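Structure, as structure tokens:
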Amino acid sequence: MVGPCNATCRWLSGALTVAGIGALVSLDAEDNATIGDVTRLLPAVAGLTMTLVDRDMEGLKQWSLVGASSLFTTWGLKHVTDKERPNAHNLRSFPSGHATAGFFGAGFIYRRYGPRWGVPAYVVAAYTGGTRVVAERHYVDDVISSFSLGLMSNWLFTTPISERVAINPMLADDRVGFTVSVATTGASGEHGNGLEARRRTRYRYQWEFGPTSVTENTVTFGRGGDPVDFRFDQQNDPLYTAQIALDWYPGNRQQDVLFNFTPFEIRDFGSFDGDTDFAGVTFPPGQDLRSRAVAYYLTATYRRRLLPAGRFDLRVGGGVAVLYTLTGLAPVQRRESIGDLDFVEVDDLALLPIIHLHLGYDFGRRMRWSLFVEGEGMDLSADRYLDATAQIRFRITPLWDVSLGYRHLERSVDTDSLRSTTTRDQYVAAIGYRF
């Protein structure tokens, strides 16, 4: 069961990927939701079965810890955040319980037994997360939060298993025999000395989340029209949302490549005071409407440290940002039961060059505390993007760290099809892990 992703793994993962994408595209939302109710259990059940078949009692213990911690955290966040689902059925959107169940099982298989069965398990978990989005049970950031919970709980509790007993032939002088070696792994064997662990790490993954307040969300209909405030009733303000980041250190710590994915979507109820034309459709005054505002940001940035290693950390760099913006409206009959909605939508996709600046200061015993400000963005004639943050970070171990802070985001689009400005402020908490 233990091993790298071989030909069987690649063929199975490819087939599952094609089948999953085909189902998401061709089946209706409810059919996908029904299938997702089943697939959410498959990775976890498969991981449990592998521990029992292999008589891996340590693995069974770790599976239990991962499942309990990730699912309990999901349950707690659901009741603390009170985030409304896209279909407005209840306030239990953040994070996705279905996706957490799938990703904790897939993460356990991958971490404990390797990619051979871990990669196909992740494909099944990803499909489950996709069903929750297309069925409008969850937003994308709910699903990536579940992915992060499953991933990080396995990093915390699960250790890889080796082929514990190896029998090898031995030839010495005129005698032939065998050697038997027993290998064990554990937390100390895996992570080793803290300083050595930090030297070996080449990546840092971060999950950041917190309450977001939309301070501006205006849309202008036509070149000569007046801007309309799309915040409407502000029933979801503040709205809990999340982003993920992957930091790659290709050589030494003097340079790194930072990838960020920030999916944001907010929906609200409201109405207009007068006849309003949007994307060729006229909405009469007083009609109940469901609004939809989407902003997906994907950035890749190369950064280089300008100061020698020490307490101060100054990095500058540049990269590219893929920015997707969508604004939609749909009439609703009853706010209590909106059913399937047919949104009238206008969207924009932009590719922008961005500049990046990071200034930090390490302090405290062994410099385990860091205070930093960071920003990136670009201001062009038709597109404007800004992402700025100020945070304080504490390094718990050489591998784990936590952060608290504030983030400000701005996005402006001015094209023939869409003119909008969105500004939001967020108080954030973040968990990072190096590997």
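Scheme for the structure tokens: letters A, B, ... for chains in order shown; per-chain residue numbers from 1; ligand numbers from 1 in order shown.
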All residues 7 Å or closer to Phe103 in chain A, only C-alpha atoms, same chain fewer than 3 positions away omitted, as number ranges by chain: A: 99-100, 106-107, 122, 125, 147, 150
Output the selection as a PDB file, in the first residue's frame - C-alpha atoms for each residue.
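Wrote again09.pdb, looks like this:
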ATOM      1  CA  ALA A  99     -15.264  18.911   2.104  1.00  0.00           C
ATOM      2  CA  THR A 100     -13.545  18.594   5.497  1.00  0.00           C
ATOM      3  CA  ALA A 106      -7.393  12.061   1.639  1.00  0.00           C
ATOM      4  CA  GLY A 107      -4.721  13.914   3.594  1.00  0.00           C
ATOM      5  CA  TYR A 122      -7.419  13.829  -3.107  1.00  0.00           C
ATOM      6  CA  ALA A 125     -12.135  14.911  -2.097  1.00  0.00           C
ATOM      7  CA  PHE A 147      -8.886  21.694   2.441  1.00  0.00           C
ATOM      8  CA  GLY A 150      -7.655  18.542   6.465  1.00  0.00           C
TER       9      GLY A 150
END
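Distances here use only C-alpha atoms; by that measure, the residue among A:Leu329, A:Val53, A:Leu357, A:Leu151 closest to Val294 in chain A is A:Leu329.
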DSSP-assigned helix (DSSP H, G or I) among range 65-111 of chain A, expressed as a ChimeraX atom specification: /A:65-81,97-111
List every residue of range 205-283 of chain A that has an atom at most 10 Å from any atom of range 315-322 of chain A, and for each one report the closest atom pair and its distance in Å to one decimal, counting only C-alpha atoms, with rows sorted by chain and then by increasing residue number, as CSV.
residue,atom,partner,partner_atom,distance
A:Gln254,CA,A:Arg315,CA,8.8
A:Gln255,CA,A:Arg315,CA,8.4
A:Asp256,CA,A:Gly317,CA,9.6
A:Val257,CA,A:Gly319,CA,9.2
A:Leu258,CA,A:Gly319,CA,9.2
A:Phe259,CA,A:Gly319,CA,9.7
A:Asn260,CA,A:Ala321,CA,9.3
A:Phe261,CA,A:Val322,CA,9.7
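Separating CA of Pro160 in chain A from CA of Ala126 in chain A is a distance of 22.1 Å.
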Who sits within 7 Å of Ser412 in chain A, only C-alpha atoms, same chain under 3 positions skipped, as a ChimeraX atom specification: /A:383-385,420-422
Selected residue of minimal separation from Val124 in chain A among A:Thr423, A:Thr39, A:Asn6, A:Thr218, counting only C-alpha atoms: A:Thr39
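The closest residue to Arg411 in chain A, picked from A:Thr325, A:Ile21, A:Phe372, A:Ala121 and counting only C-alpha atoms, is A:Thr325.
Here CA of Leu156 in chain A is placed at a distance of 8.2 Å from CA of Val66 in chain A.
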Pairwise distance for CA of Val281 in chain A and CA of Gln333 in chain A, rounded to one decimal in Å: 17.3 Å
I want to know what sits within 7 Å of Pro95 in chain A, based on only C-alpha atoms, with residues of the same chain fewer than 3 positions away left out; could you give that as a PDB file with C-alpha atoms, in the first residue's frame?
ATOM      1  CA  THR A  74     -15.328  22.749  11.307  1.00  0.00           C
ATOM      2  CA  LEU A  77     -16.365  27.567  13.084  1.00  0.00           C
ATOM      3  CA  LYS A  78     -19.799  27.001  11.556  1.00  0.00           C
ATOM      4  CA  ASP A 142     -15.474  27.626   2.432  1.00  0.00           C
ATOM      5  CA  VAL A 143     -14.061  24.661   0.504  1.00  0.00           C
ATOM      6  CA  SER A 145     -10.768  26.322   4.287  1.00  0.00           C
ATOM      7  CA  SER A 146     -11.861  22.689   4.598  1.00  0.00           C
TER       8      SER A 146
END
DSSP strand (DSSP E or B) selection over range 190-365 of chain A, as JSON, numbers by chain: {"A": [203, 204, 205, 206, 207, 208, 209, 210, 211, 212, 213, 214, 215, 216, 217, 218, 219, 220, 227, 228, 229, 239, 240, 241, 242, 243, 244, 245, 246, 247, 248, 255, 256, 257, 258, 259, 260, 261, 262, 263, 264, 265, 266, 267, 268, 269, 270, 276, 277, 278, 281, 282, 283, 289, 290, 291, 292, 293, 294, 295, 296, 297, 298, 299, 300, 301, 302, 303, 304, 305, 312, 313, 314, 315, 316, 317, 318, 319, 320, 321, 322, 323, 324, 325, 326, 327, 328, 329, 330, 331, 344, 345, 346, 347, 348, 349, 350, 351, 352, 353, 354, 355, 356, 357, 358, 359, 360, 361, 362, 363]}
Pick from A:Ser153, A:Thr131, A:Ser403, A:Thr301 nearest to Trp248 in chain A, counting only C-alpha atoms: A:Thr301
Nearest-residue call for Arg116 in chain A, choices A:Cys5, A:Ala88, A:Leu42, A:Leu60, using only C-alpha atoms: A:Cys5
